[in-house]
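K.L.:
Pasting a structure here, questions to come.
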Amino acid sequence: MENTSTRRAGQVLLVWGLLVVAANLRGLTGVGPLLNRVQSDLGLAPAAAGLLNTLPLLAFAALSPLVPKLAARWGEERLLGGALVVPTIGIAARWIPTAAGLFIGTVLIGAGIAVGNVLLPSLIKRDFPTKVGLLTSAYAVVMGGVAALASGVAVPIAEAAPGGWHTALGLWVVFALVPLLVWLPQMRTSGPAGPARSGQ
């Protein structure tokens, strides 16, 4: 009975961790509604400003094929934990009021999201094979909801907070720490994939 209760508690924590990670993946992407302010403030050319929204897509295309090999080497949970650290650093970099900080931060955020986008469905299929549809729908809803929230509050925060758009982009570093802390227990139990697991 105790083992069953412990297992269920672990599964609940895992589901919670997956959903919080999913929220992190979409709330921290491009500058979106703030793009005009950013372009004007930093004096960016239209092509450079457009690149800000393209960088996450480029990161996804570049990193996605590498994720299975990295997961086999480091373990899926540890790799996902690392993928949460990287965008946290990226968000902090975007708080720096320079074009370099903005672009470097966006690249780091895109890289972390790219890895997470590949790993989350894999973890759901591996650990919850009978609830794939339910959990996939749940994390998709969470990602969409947080993305909508982030877009909706970006301009009001930029207008009201000291630092303007820098603060509107950078304050998400606080929320980025939450999924990382929630995911820490999973990272402790993770390891390189064995033959059976790496073949999934």
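Simple scheme: letters A, B, ... for chains in structure tokens order, numbers from 1 for residues in each chain, numbers from 1 for ligands in the order shown.
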Find the spatial neighbours of A:Ser151, counting only C-alpha atoms, within a cut-off of 8 Å - ignore same-chain residues fewer than 3 positions away - and output them as a compact mmCIF listing (two decimals) with N, CA, C and O atoms, in the first residue's frame.
P.N.:
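Final output, saved to selection-v8.txt:
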```txt
# COMPACT_ATOMS: atom_id res chain seq x y z
N GLY A 32 6.87 39.83 -29.42
CA GLY A 32 5.47 39.99 -29.76
C GLY A 32 4.96 41.41 -29.75
O GLY A 32 5.40 42.24 -30.56
N PRO A 33 4.01 41.74 -28.84
CA PRO A 33 3.38 43.05 -28.84
C PRO A 33 4.35 44.20 -28.57
O PRO A 33 4.01 45.36 -28.81
N ALA A 147 0.85 31.63 -23.08
CA ALA A 147 1.27 32.49 -24.19
C ALA A 147 0.32 33.67 -24.35
O ALA A 147 0.75 34.81 -24.55
N ALA A 148 -0.99 33.40 -24.25
CA ALA A 148 -1.98 34.47 -24.36
C ALA A 148 -1.84 35.46 -23.21
O ALA A 148 -1.93 36.69 -23.39
N ALA A 154 1.98 42.16 -21.58
CA ALA A 154 3.28 42.73 -21.96
C ALA A 154 3.22 44.25 -22.07
O ALA A 154 4.04 44.97 -21.49
N VAL A 155 2.26 44.77 -22.84
CA VAL A 155 2.17 46.21 -23.05
C VAL A 155 1.80 46.96 -21.77
O VAL A 155 2.44 47.97 -21.44
```
K.L.:
Please indicate the distance in Å from atom CA of A:Ala150 to atom CA of A:Leu169, rounded to one decimal place.
P.N.:
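The value is 9.3 Å.
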K.L.:
Any idea what's packed within 8 Å of A:His166, counting only C-alpha atoms, ignoring anything in its chain fewer than 4 positions away? Could you give it as an MDAnalysis selection string?
P.N.:
chainID A and resid 94:97 158 170
K.L.:
Just C-alpha atoms for this one: save the residues we selected as an mmCIF file, in the first residue's frame.
P.N.:
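Listing of out_13.cif after writing:
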```cif
data_model
loop_
_atom_site.group_PDB
_atom_site.id
_atom_site.type_symbol
_atom_site.label_atom_id
_atom_site.label_comp_id
_atom_site.auth_asym_id
_atom_site.auth_seq_id
_atom_site.Cartn_x
_atom_site.Cartn_y
_atom_site.Cartn_z
ATOM 1 C CA ARG A 94 16.922 40.260 -22.193
ATOM 2 C CA TRP A 95 16.534 42.482 -19.130
ATOM 3 C CA ILE A 96 19.847 44.141 -20.100
ATOM 4 C CA PRO A 97 18.944 47.294 -22.077
ATOM 5 C CA ALA A 158 5.861 48.039 -20.257
ATOM 6 C CA GLY A 170 12.824 40.405 -17.914
#
```
K.L.:
Quick one: pull the distance between atom CA of A:Met143 and atom CA of A:Leu19, Å, one decimal.
P.N.:
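About the pair atom CA of A:Met143 and atom CA of A:Leu19: they are 8.4 Å apart.
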